[in-house]
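This is start-v9.cif. It holds mmCIF, C-alpha atoms.
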```cif
data_run
#
loop_
_atom_site.label_atom_id
_atom_site.label_comp_id
_atom_site.auth_asym_id
_atom_site.auth_seq_id
_atom_site.Cartn_x
_atom_site.Cartn_y
_atom_site.Cartn_z
CA MET X 1 -14.16 16.29 66.53
CA SER X 2 -13.02 17.61 63.22
CA ALA X 3 -13.05 15.45 60.15
CA THR X 4 -9.69 14.44 58.81
CA THR X 5 -9.25 14.85 55.11
CA HIS X 6 -6.95 12.66 53.08
CA PRO X 7 -5.43 13.65 49.80
CA ALA X 8 -6.72 11.73 46.82
CA VAL X 9 -4.42 8.91 45.83
CA THR X 10 -3.55 9.02 42.21
CA GLY X 11 -1.14 6.95 40.18
CA PRO X 12 1.53 8.28 37.91
CA ARG X 13 0.12 10.05 34.90
CA ARG X 14 1.30 8.53 31.67
CA VAL X 15 1.70 10.86 28.74
CA VAL X 16 0.60 9.45 25.39
CA THR X 17 3.51 9.94 23.02
CA PHE X 18 3.72 9.18 19.33
CA PRO X 19 5.95 6.12 19.90
CA HIS X 20 3.23 4.78 22.24
CA VAL X 21 0.65 5.28 19.49
CA LEU X 22 2.94 3.57 16.95
CA ARG X 23 3.31 0.57 19.25
CA SER X 24 -0.44 0.41 19.75
CA GLU X 25 -1.09 0.46 16.01
CA TRP X 26 1.56 -2.23 15.49
CA ILE X 27 -0.18 -4.49 17.99
CA LYS X 28 -3.61 -3.83 16.48
CA LEU X 29 -2.36 -4.53 12.96
CA TRP X 30 -1.09 -8.00 13.83
CA SER X 31 -3.93 -8.90 16.20
CA VAL X 32 -6.58 -9.24 13.48
CA ARG X 33 -6.84 -12.23 11.14
CA SER X 34 -7.51 -10.07 8.10
CA THR X 35 -3.91 -8.81 8.21
CA TRP X 36 -2.45 -12.30 8.04
CA PHE X 37 -4.93 -13.47 5.40
CA THR X 38 -4.71 -10.43 3.12
CA LEU X 39 -0.93 -10.05 3.30
CA GLY X 40 -0.59 -13.80 2.82
CA LEU X 41 -2.79 -13.62 -0.27
CA ALA X 42 -0.72 -10.74 -1.64
CA VAL X 43 2.48 -12.73 -1.14
CA PHE X 44 0.95 -15.83 -2.73
CA LEU X 45 -0.33 -13.95 -5.79
CA MET X 46 2.93 -12.09 -6.34
CA MET X 47 5.02 -15.23 -6.16
CA LEU X 48 2.64 -17.45 -8.10
CA ILE X 49 2.07 -15.07 -10.99
CA GLY X 50 5.65 -13.84 -11.09
CA VAL X 51 7.21 -17.29 -11.07
CA VAL X 52 4.69 -18.75 -13.53
CA ALA X 53 5.16 -15.80 -15.91
CA SER X 54 8.91 -16.39 -15.84
CA LEU X 55 8.59 -20.14 -16.38
CA VAL X 56 6.13 -20.01 -19.27
CA PHE X 57 7.92 -17.21 -21.11
CA ASP X 58 10.06 -18.44 -24.01
CA PRO X 59 13.45 -16.68 -23.83
CA THR X 60 14.78 -18.37 -26.97
CA GLY X 61 13.05 -15.97 -29.32
CA THR X 62 10.82 -18.54 -31.03
CA THR X 63 7.72 -16.68 -29.82
CA PRO X 64 7.06 -12.94 -30.11
CA ALA X 65 8.22 -11.00 -27.07
CA LYS X 66 6.34 -8.04 -25.71
CA ALA X 67 8.26 -4.79 -25.91
CA GLY X 68 10.17 -4.09 -22.72
CA THR X 69 9.97 -7.68 -21.50
CA ASP X 70 12.76 -8.74 -19.17
CA GLY X 71 13.31 -10.89 -16.12
CA VAL X 72 12.31 -8.06 -13.79
CA SER X 73 9.05 -7.16 -15.52
CA LEU X 74 7.98 -10.79 -15.57
CA SER X 75 8.75 -11.31 -11.88
CA THR X 76 6.71 -8.26 -10.90
CA ASN X 77 3.60 -9.23 -12.92
CA GLY X 78 1.86 -10.36 -9.74
CA ALA X 79 1.89 -6.81 -8.39
CA MET X 80 -1.13 -6.00 -10.54
CA LEU X 81 -3.31 -8.24 -8.35
CA ALA X 82 -1.34 -7.81 -5.12
CA GLN X 83 -2.08 -4.08 -5.23
CA LEU X 84 -5.74 -4.82 -4.62
CA CYS X 85 -4.84 -6.87 -1.53
CA THR X 86 -2.75 -4.09 0.03
CA GLY X 87 -5.34 -1.45 -0.86
CA VAL X 88 -8.16 -3.49 0.65
CA LEU X 89 -6.16 -4.20 3.80
CA GLY X 90 -5.48 -0.49 4.19
CA VAL X 91 -9.22 0.15 4.11
CA LEU X 92 -9.91 -2.70 6.53
CA ILE X 93 -7.52 -1.53 9.24
CA SER X 94 -8.99 1.98 9.24
CA ALA X 95 -12.67 1.75 8.27
CA GLY X 96 -12.92 -1.58 10.09
CA GLU X 97 -12.53 0.24 13.41
CA TYR X 98 -15.72 2.17 12.68
CA GLY X 99 -17.56 -1.05 11.93
CA ASN X 100 -16.61 -2.83 15.16
CA GLY X 101 -16.68 0.25 17.40
CA MET X 102 -12.97 0.12 18.26
CA ILE X 103 -12.54 3.66 16.96
CA ARG X 104 -14.11 5.00 20.17
CA SER X 105 -11.48 3.30 22.29
CA THR X 106 -8.76 4.50 19.95
CA MET X 107 -9.89 8.10 20.15
CA SER X 108 -10.29 7.89 23.92
CA ALA X 109 -6.67 6.78 24.19
CA VAL X 110 -5.50 9.37 21.65
CA PRO X 111 -7.68 12.46 22.20
CA ARG X 112 -5.82 14.52 19.60
CA ARG X 113 -7.04 11.97 17.04
CA THR X 114 -4.70 12.65 14.11
CA PRO X 115 -1.65 10.91 15.67
CA ALA X 116 -3.63 7.67 15.47
CA LEU X 117 -4.13 8.19 11.73
CA TRP X 118 -0.48 9.06 11.05
CA ALA X 119 0.73 6.15 13.18
CA LYS X 120 -1.59 3.68 11.45
CA ALA X 121 -0.45 4.88 8.01
CA LEU X 122 3.23 4.79 8.98
CA VAL X 123 3.05 1.30 10.47
CA PHE X 124 1.17 -0.04 7.47
CA LEU X 125 3.57 1.66 5.05
CA ALA X 126 6.57 0.05 6.74
CA VAL X 127 5.00 -3.41 7.04
CA SER X 128 3.64 -3.58 3.50
CA PHE X 129 6.88 -2.23 2.03
CA ALA X 130 8.95 -4.81 3.90
CA VAL X 131 6.66 -7.73 3.03
CA SER X 132 6.32 -6.69 -0.61
CA GLY X 133 10.04 -6.02 -0.92
CA VAL X 134 11.05 -9.45 0.35
CA THR X 135 8.39 -11.13 -1.79
CA VAL X 136 9.32 -9.45 -5.05
CA LEU X 137 13.03 -10.05 -4.39
CA VAL X 138 12.49 -13.77 -3.77
CA THR X 139 10.24 -14.01 -6.85
CA PHE X 140 12.91 -12.38 -8.99
CA LEU X 141 15.66 -14.63 -7.65
CA VAL X 142 13.54 -17.72 -8.32
CA GLY X 143 12.53 -16.76 -11.85
CA SER X 144 15.65 -15.02 -13.17
CA PRO X 145 17.82 -18.15 -13.68
CA ARG X 146 15.52 -19.17 -16.54
CA PHE X 147 16.84 -16.23 -18.59
CA ASP X 148 20.53 -16.91 -18.08
CA GLY X 149 22.41 -16.71 -21.37
CA THR X 150 19.55 -14.98 -23.21
CA ALA X 151 18.86 -11.40 -24.19
CA PHE X 152 16.32 -11.18 -21.34
CA ALA X 153 18.80 -12.00 -18.58
CA VAL X 154 19.17 -9.43 -15.80
CA SER X 155 20.81 -9.55 -12.39
CA LEU X 156 20.68 -7.49 -9.22
CA SER X 157 23.92 -5.78 -10.21
CA ASP X 158 22.44 -4.45 -13.47
CA ALA X 159 21.47 -0.79 -13.57
CA GLY X 160 17.92 -0.13 -12.45
CA VAL X 161 17.08 -3.64 -11.23
CA VAL X 162 17.19 -2.90 -7.49
CA ARG X 163 15.38 0.37 -8.12
CA THR X 164 12.64 -1.48 -10.00
CA LEU X 165 12.17 -4.06 -7.26
CA ALA X 166 12.12 -1.36 -4.57
CA GLY X 167 9.74 0.72 -6.68
CA THR X 168 7.34 -2.20 -6.92
CA ALA X 169 7.36 -2.65 -3.14
CA LEU X 170 6.90 1.09 -2.60
CA TYR X 171 4.01 1.18 -5.05
CA LEU X 172 2.16 -1.58 -3.22
CA ALA X 173 2.81 0.10 0.13
CA LEU X 174 1.55 3.49 -1.06
CA VAL X 175 -1.59 1.93 -2.51
CA GLY X 176 -2.20 0.52 0.97
CA VAL X 177 -1.71 3.96 2.51
CA ILE X 178 -4.27 5.35 0.08
CA GLY X 179 -6.62 2.67 1.39
CA VAL X 180 -5.95 3.80 4.98
CA GLY X 181 -6.83 7.38 4.09
CA LEU X 182 -9.98 6.33 2.25
CA GLY X 183 -11.05 4.24 5.25
CA PHE X 184 -10.90 7.24 7.56
CA LEU X 185 -12.52 9.47 4.96
CA LEU X 186 -15.45 7.22 4.02
CA ARG X 187 -15.75 5.24 7.29
CA SER X 188 -17.12 2.33 5.30
CA VAL X 189 -15.27 -0.84 4.35
CA ALA X 190 -17.53 -1.45 1.35
CA GLY X 191 -17.23 2.15 0.16
CA GLY X 192 -13.46 2.23 0.60
CA VAL X 193 -12.94 -1.07 -1.21
CA ALA X 194 -15.18 0.09 -4.07
CA VAL X 195 -13.23 3.33 -4.47
CA ILE X 196 -9.79 1.70 -4.29
CA ALA X 197 -10.83 -0.96 -6.82
CA GLY X 198 -12.34 1.67 -9.08
CA VAL X 199 -9.23 3.83 -8.97
CA LEU X 200 -6.92 0.91 -9.72
CA PHE X 201 -8.94 -0.97 -12.35
CA VAL X 202 -11.91 1.02 -13.65
CA VAL X 203 -10.60 4.56 -14.14
CA ASP X 204 -7.87 3.44 -16.53
CA SER X 205 -10.41 1.68 -18.74
CA LEU X 206 -12.51 4.83 -19.02
CA THR X 207 -9.73 7.14 -20.16
CA PHE X 208 -10.42 6.26 -23.79
CA LEU X 209 -13.49 8.49 -23.50
CA LEU X 210 -11.28 11.54 -23.06
CA PRO X 211 -10.04 13.60 -26.02
CA ALA X 212 -6.52 12.56 -26.99
CA SER X 213 -4.95 15.85 -25.90
CA VAL X 214 -6.60 15.64 -22.47
CA ALA X 215 -5.83 11.95 -22.05
CA ASP X 216 -2.12 12.47 -22.77
CA ALA X 217 -1.98 15.14 -20.07
CA VAL X 218 -4.02 13.25 -17.45
CA ILE X 219 -3.26 9.53 -17.80
CA PRO X 220 0.41 9.61 -16.64
CA TYR X 221 -0.75 11.12 -13.32
CA LEU X 222 -3.30 8.46 -12.48
CA PRO X 223 -2.23 6.16 -9.61
CA GLY X 224 -2.01 3.04 -11.76
CA HIS X 225 0.14 4.68 -14.42
CA ALA X 226 2.36 6.30 -11.79
CA GLY X 227 2.84 2.81 -10.38
CA ARG X 228 3.80 1.40 -13.78
CA ALA X 229 6.44 4.10 -14.06
CA MET X 230 7.84 3.02 -10.68
CA MET X 231 7.87 -0.67 -11.66
CA GLY X 232 9.39 -0.32 -15.13
CA LEU X 233 13.03 -1.14 -15.74
CA HIS X 234 12.98 0.84 -18.97
CA GLY X 235 11.17 4.13 -19.41
CA ALA X 236 8.19 4.57 -21.73
CA SER X 237 7.10 7.60 -23.68
CA ASP X 238 3.61 7.54 -22.18
CA LEU X 239 4.83 7.24 -18.57
CA LEU X 240 6.57 9.50 -16.09
CA SER X 241 10.07 8.84 -14.86
CA PRO X 242 10.28 6.42 -11.90
CA ALA X 243 11.05 9.26 -9.47
CA ALA X 244 8.20 11.39 -10.80
CA GLY X 245 5.86 8.42 -10.63
CA ALA X 246 6.78 7.87 -6.99
CA GLY X 247 6.19 11.54 -6.27
CA VAL X 248 2.77 11.48 -7.93
CA LEU X 249 1.68 8.37 -6.06
CA ALA X 250 2.95 9.81 -2.77
CA ALA X 251 0.86 12.91 -3.49
CA TRP X 252 -2.24 10.74 -3.99
CA ALA X 253 -1.53 8.99 -0.69
CA ALA X 254 -1.04 12.33 1.08
CA LEU X 255 -4.30 13.62 -0.38
CA ALA X 256 -6.20 10.58 0.90
CA LEU X 257 -4.65 10.91 4.36
CA VAL X 258 -5.36 14.63 4.59
CA GLY X 259 -8.98 14.00 3.60
CA GLY X 260 -9.22 11.32 6.29
CA ALA X 261 -7.60 13.62 8.86
CA VAL X 262 -10.01 16.46 8.11
CA ARG X 263 -13.05 14.24 8.60
CA LEU X 264 -11.52 12.63 11.68
CA THR X 265 -11.01 15.97 13.39
CA ARG X 266 -14.24 17.66 12.32
CA THR X 267 -16.87 14.97 12.85
CA ASP X 268 -17.75 12.67 15.72
CA VAL X 269 -16.56 9.10 15.64
#
```
Rewritten as structure tokens:
Amino acid sequence: MSATTHPAVTGPRRVVTFPHVLRSEWIKLWSVRSTWFTLGLAVFLMMLIGVVASLVFDPTGTTPAKAGTDGVSLSTNGAMLAQLCTGVLGVLISAGEYGNGMIRSTMSAVPRRTPALWAKALVFLAVSFAVSGVTVLVTFLVGSPRFDGTAFAVSLSDAGVVRTLAGTALYLALVGVIGVGLGFLLRSVAGGVAVIAGVLFVVDSLTFLLPASVADAVIPYLPGHAGRAMMGLHGASDLLSPAAGAGVLAAWAALALVGGAVRLTRTDV
């Protein structure tokens, strides 16, 4: 009697496409508590500081006004602290996978590796831009009525106002993308948070050590100063134009992502 052979039964083979990876990263982003807590803190800080700054500012002219002060600049004051929240969250969603071991499952599902990085950065960019954009718009709408009838009054229809609000949201989102890249590059939450905090808060304070000629050439291209150019309604002599600032910050984000991609592809997870 001859043995009868049966063909192996296999199910349909599912190809991993980039939209599949995007959906996976979307689910992972919202499935961890740190996303809700950190984004919630960013929203709270932006609204609290922006609204309070608008309420305590005296638009009557009886107190000295800082140069360039207007309803938009006051409503976006909270972005200076919110940027740390988005940067830290970017590090958490990337380096955090190395800490809990999830990166092995991610790379098993996406063997080519880099699509997972690009998808994570793209999802976080979109989410943080949307959340920041809505928050800064609401903060502006809440605080701006205080300046009605004064020299500081601005409205959404005024030139540059929408661009300033969108630039603030884009700045916060790109800082988060830098955090994503640093997370993949350093593979350490503590290390990534330390670097992002140092870049945003420490580097600027050390530029006074540079010779004046060097400082004038370097400072406008630092991430924080590029962000200030994006968030300013009126230009400043020591800052880039808003478009140039956005380009510089995008270049920093691209550099961080490329560094993360190189380490992701060349070393074991």
Residue members of the PyMOL selection byres ((chain X and resi 49-53) around 8) in the file shown, as a list in words = Leu45, Met46, Met47, Leu48, Ser54, Leu55, Val56, Phe57, Leu74, Ser75, Thr76, Asn77, Gly78, Thr139, Phe140, Val142 and Gly143 of chain X
Taking all atoms listed in the file into account, which of X:Phe208, X:Phe124, X:Trp26, X:Trp36 comes nearest Ile178 (chain X)?
-> X:Phe124
Separation of CA of Ala212 (chain X) from CA of Ala226 (chain X), in Å and rounded to one decimal |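 Result for CA of Ala212 (chain X) versus CA of Ala226 (chain X): 18.7 Å, one decimal.
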Expressed in Å to a single decimal, how great is the separation between CA of Asp216 (chain X) and CA of Asp204 (chain X)?
-> 12.4 Å
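Across the structure, CA of Leu39 (chain X) and CA of Val131 (chain X) are spaced 7.9 Å apart.
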Evaluating the PyMOL selection byres ((chain X and resi 180) around 8) on the displayed file yields which residues, as a PyMOL selection string?
-> chain X and resi 87+90-95+120-121+176-179+181-184+256-257
File of the preceding selection, C-alpha atoms, as an mmCIF file, keeping the file's coordinate frame:
```cif
data_model
loop_
_atom_site.group_PDB
_atom_site.id
_atom_site.type_symbol
_atom_site.label_atom_id
_atom_site.label_comp_id
_atom_site.auth_asym_id
_atom_site.auth_seq_id
_atom_site.Cartn_x
_atom_site.Cartn_y
_atom_site.Cartn_z
ATOM 1 C CA GLY X 87 -5.340 -1.450 -0.860
ATOM 2 C CA GLY X 90 -5.480 -0.490 4.190
ATOM 3 C CA VAL X 91 -9.220 0.150 4.110
ATOM 4 C CA LEU X 92 -9.910 -2.700 6.530
ATOM 5 C CA ILE X 93 -7.520 -1.530 9.240
ATOM 6 C CA SER X 94 -8.990 1.980 9.240
ATOM 7 C CA ALA X 95 -12.670 1.750 8.270
ATOM 8 C CA LYS X 120 -1.590 3.680 11.450
ATOM 9 C CA ALA X 121 -0.450 4.880 8.010
ATOM 10 C CA GLY X 176 -2.200 0.520 0.970
ATOM 11 C CA VAL X 177 -1.710 3.960 2.510
ATOM 12 C CA ILE X 178 -4.270 5.350 0.080
ATOM 13 C CA GLY X 179 -6.620 2.670 1.390
ATOM 14 C CA GLY X 181 -6.830 7.380 4.090
ATOM 15 C CA LEU X 182 -9.980 6.330 2.250
ATOM 16 C CA GLY X 183 -11.050 4.240 5.250
ATOM 17 C CA PHE X 184 -10.900 7.240 7.560
ATOM 18 C CA ALA X 256 -6.200 10.580 0.900
ATOM 19 C CA LEU X 257 -4.650 10.910 4.360
#
```
Could you tell me which residues the PyMOL selection byres ((chain X and resi 239-244) around 7) grabs in this file, written as a PyMOL selection string?
-> chain X and resi 220+225-226+229-230+235-238+245-248
Using only C-alpha atoms, the best pick from X:Val43, X:Ala151, X:Ala130, X:Val195 as closest to Leu170 (chain X) would be X:Ala130
Counting only C-alpha atoms, the option among X:Ser31, X:Ser157, X:Thr265, X:Thr135 closest to Phe44 (chain X) |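 Looking only at the distances to Phe44 (chain X), the closest residue turns out to be X:Thr135.
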Can you list, as an MDAnalysis selection string, every protein, DNA or RNA residue that comes within 12 Å of Gly198 (chain X) when you count all atoms listed in the file, leaving out same-chain residues fewer than 2 positions away?
-> chainID X and resid 84 87:88 179 191:196 200:206 222:224
Among X:Thr114, X:Ser128, X:Ser144, X:Asn100, Thr168 (chain X) is approached most closely, using only C-alpha atoms, by X:Ser128
Taking all atoms listed in the file into account, which of X:Pro115, X:Val134, X:Met107, X:Ala173 comes nearest Ala82 (chain X)?
->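 Answer, going by the shortest atom-to-atom distance: X:Ala173.
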Among X:Met80, X:Val199, X:Ile27, X:Val269, Arg104 (chain X) is approached most closely, using only C-alpha atoms, by X:Val269
Atoms added to region 47-58 of chain X (all heavy atoms), reported as a PDB file, keeping the file's coordinate frame:
```pdb
ATOM      1  N   MET X  47       4.076 -14.160  -5.862  1.00  0.00           N
ATOM      2  CA  MET X  47       5.020 -15.230  -6.160  1.00  0.00           C
ATOM      3  C   MET X  47       4.491 -16.177  -7.230  1.00  0.00           C
ATOM      4  O   MET X  47       5.217 -16.567  -8.152  1.00  0.00           O
ATOM      5  CB  MET X  47       5.360 -15.997  -4.879  1.00  0.00           C
ATOM      6  CG  MET X  47       6.093 -15.178  -3.844  1.00  0.00           C
ATOM      7  SD  MET X  47       6.855 -16.165  -2.547  1.00  0.00           S
ATOM      8  CE  MET X  47       8.150 -16.998  -3.459  1.00  0.00           C
ATOM      9  N   LEU X  48       3.217 -16.532  -7.126  1.00  0.00           N
ATOM     10  CA  LEU X  48       2.640 -17.450  -8.100  1.00  0.00           C
ATOM     11  C   LEU X  48       2.682 -16.871  -9.498  1.00  0.00           C
ATOM     12  O   LEU X  48       3.192 -17.496 -10.446  1.00  0.00           O
ATOM     13  CB  LEU X  48       1.201 -17.790  -7.705  1.00  0.00           C
ATOM     14  CG  LEU X  48       0.430 -18.673  -8.698  1.00  0.00           C
ATOM     15  CD1 LEU X  48       1.036 -20.065  -8.750  1.00  0.00           C
ATOM     16  CD2 LEU X  48      -1.056 -18.742  -8.335  1.00  0.00           C
ATOM     17  N   ILE X  49       2.145 -15.672  -9.659  1.00  0.00           N
ATOM     18  CA  ILE X  49       2.070 -15.070 -10.990  1.00  0.00           C
ATOM     19  C   ILE X  49       3.452 -14.732 -11.513  1.00  0.00           C
ATOM     20  O   ILE X  49       3.766 -14.945 -12.701  1.00  0.00           O
ATOM     21  CB  ILE X  49       1.162 -13.827 -10.961  1.00  0.00           C
ATOM     22  CG1 ILE X  49      -0.263 -14.217 -10.574  1.00  0.00           C
ATOM     23  CG2 ILE X  49       1.171 -13.120 -12.320  1.00  0.00           C
ATOM     24  CD1 ILE X  49      -1.198 -13.045 -10.402  1.00  0.00           C
ATOM     25  N   GLY X  50       4.312 -14.201 -10.648  1.00  0.00           N
ATOM     26  CA  GLY X  50       5.650 -13.840 -11.090  1.00  0.00           C
ATOM     27  C   GLY X  50       6.466 -15.034 -11.523  1.00  0.00           C
ATOM     28  O   GLY X  50       7.125 -15.015 -12.575  1.00  0.00           O
ATOM     29  N   VAL X  51       6.436 -16.104 -10.737  1.00  0.00           N
ATOM     30  CA  VAL X  51       7.210 -17.290 -11.070  1.00  0.00           C
ATOM     31  C   VAL X  51       6.639 -17.979 -12.307  1.00  0.00           C
ATOM     32  O   VAL X  51       7.385 -18.392 -13.216  1.00  0.00           O
ATOM     33  CB  VAL X  51       7.253 -18.265  -9.879  1.00  0.00           C
ATOM     34  CG1 VAL X  51       7.850 -19.597 -10.292  1.00  0.00           C
ATOM     35  CG2 VAL X  51       8.050 -17.659  -8.728  1.00  0.00           C
ATOM     36  N   VAL X  52       5.311 -18.106 -12.370  1.00  0.00           N
ATOM     37  CA  VAL X  52       4.690 -18.750 -13.530  1.00  0.00           C
ATOM     38  C   VAL X  52       4.970 -17.960 -14.805  1.00  0.00           C
ATOM     39  O   VAL X  52       5.283 -18.538 -15.858  1.00  0.00           O
ATOM     40  CB  VAL X  52       3.171 -18.910 -13.304  1.00  0.00           C
ATOM     41  CG1 VAL X  52       2.476 -19.336 -14.598  1.00  0.00           C
ATOM     42  CG2 VAL X  52       2.901 -19.932 -12.212  1.00  0.00           C
ATOM     43  N   ALA X  53       4.883 -16.626 -14.725  1.00  0.00           N
ATOM     44  CA  ALA X  53       5.160 -15.800 -15.910  1.00  0.00           C
ATOM     45  C   ALA X  53       6.585 -16.007 -16.391  1.00  0.00           C
ATOM     46  O   ALA X  53       6.851 -16.057 -17.605  1.00  0.00           O
ATOM     47  CB  ALA X  53       4.915 -14.334 -15.580  1.00  0.00           C
ATOM     48  N   SER X  54       7.523 -16.153 -15.454  1.00  0.00           N
ATOM     49  CA  SER X  54       8.910 -16.390 -15.840  1.00  0.00           C
ATOM     50  C   SER X  54       9.107 -17.772 -16.444  1.00  0.00           C
ATOM     51  O   SER X  54       9.874 -17.952 -17.396  1.00  0.00           O
ATOM     52  CB  SER X  54       9.828 -16.216 -14.618  1.00  0.00           C
ATOM     53  OG  SER X  54       9.757 -14.910 -14.104  1.00  0.00           O
ATOM     54  N   LEU X  55       8.408 -18.767 -15.915  1.00  0.00           N
ATOM     55  CA  LEU X  55       8.590 -20.140 -16.380  1.00  0.00           C
ATOM     56  C   LEU X  55       7.960 -20.384 -17.748  1.00  0.00           C
ATOM     57  O   LEU X  55       8.500 -21.150 -18.553  1.00  0.00           O
ATOM     58  CB  LEU X  55       8.006 -21.121 -15.352  1.00  0.00           C
ATOM     59  CG  LEU X  55       8.732 -21.193 -14.003  1.00  0.00           C
ATOM     60  CD1 LEU X  55       8.017 -22.160 -13.071  1.00  0.00           C
ATOM     61  CD2 LEU X  55      10.188 -21.604 -14.188  1.00  0.00           C
ATOM     62  N   VAL X  56       6.820 -19.741 -18.005  1.00  0.00           N
ATOM     63  CA  VAL X  56       6.130 -20.010 -19.270  1.00  0.00           C
ATOM     64  C   VAL X  56       6.661 -19.131 -20.406  1.00  0.00           C
ATOM     65  O   VAL X  56       6.396 -19.405 -21.581  1.00  0.00           O
ATOM     66  CB  VAL X  56       4.604 -19.804 -19.133  1.00  0.00           C
ATOM     67  CG1 VAL X  56       4.036 -20.719 -18.064  1.00  0.00           C
ATOM     68  CG2 VAL X  56       4.268 -18.351 -18.828  1.00  0.00           C
ATOM     69  N   PHE X  57       7.391 -18.073 -20.062  1.00  0.00           N
ATOM     70  CA  PHE X  57       7.920 -17.210 -21.110  1.00  0.00           C
ATOM     71  C   PHE X  57       9.053 -17.919 -21.851  1.00  0.00           C
ATOM     72  O   PHE X  57       9.906 -18.575 -21.246  1.00  0.00           O
ATOM     73  CB  PHE X  57       8.426 -15.897 -20.507  1.00  0.00           C
ATOM     74  CG  PHE X  57       8.969 -14.935 -21.525  1.00  0.00           C
ATOM     75  CD1 PHE X  57       8.104 -14.229 -22.342  1.00  0.00           C
ATOM     76  CD2 PHE X  57      10.337 -14.749 -21.674  1.00  0.00           C
ATOM     77  CE1 PHE X  57       8.595 -13.334 -23.278  1.00  0.00           C
ATOM     78  CE2 PHE X  57      10.827 -13.860 -22.601  1.00  0.00           C
ATOM     79  CZ  PHE X  57       9.957 -13.150 -23.412  1.00  0.00           C
ATOM     80  N   ASP X  58       9.052 -17.788 -23.174  1.00  0.00           N
ATOM     81  CA  ASP X  58      10.060 -18.440 -24.010  1.00  0.00           C
ATOM     82  C   ASP X  58      11.195 -17.457 -24.285  1.00  0.00           C
ATOM     83  O   ASP X  58      11.045 -16.538 -25.090  1.00  0.00           O
ATOM     84  CB  ASP X  58       9.415 -18.885 -25.324  1.00  0.00           C
ATOM     85  CG  ASP X  58      10.417 -19.600 -26.230  1.00  0.00           C
ATOM     86  OD1 ASP X  58      11.540 -19.879 -25.755  1.00  0.00           O
ATOM     87  OD2 ASP X  58      10.080 -19.858 -27.391  1.00  0.00           O
TER      88      ASP X  58
END
```
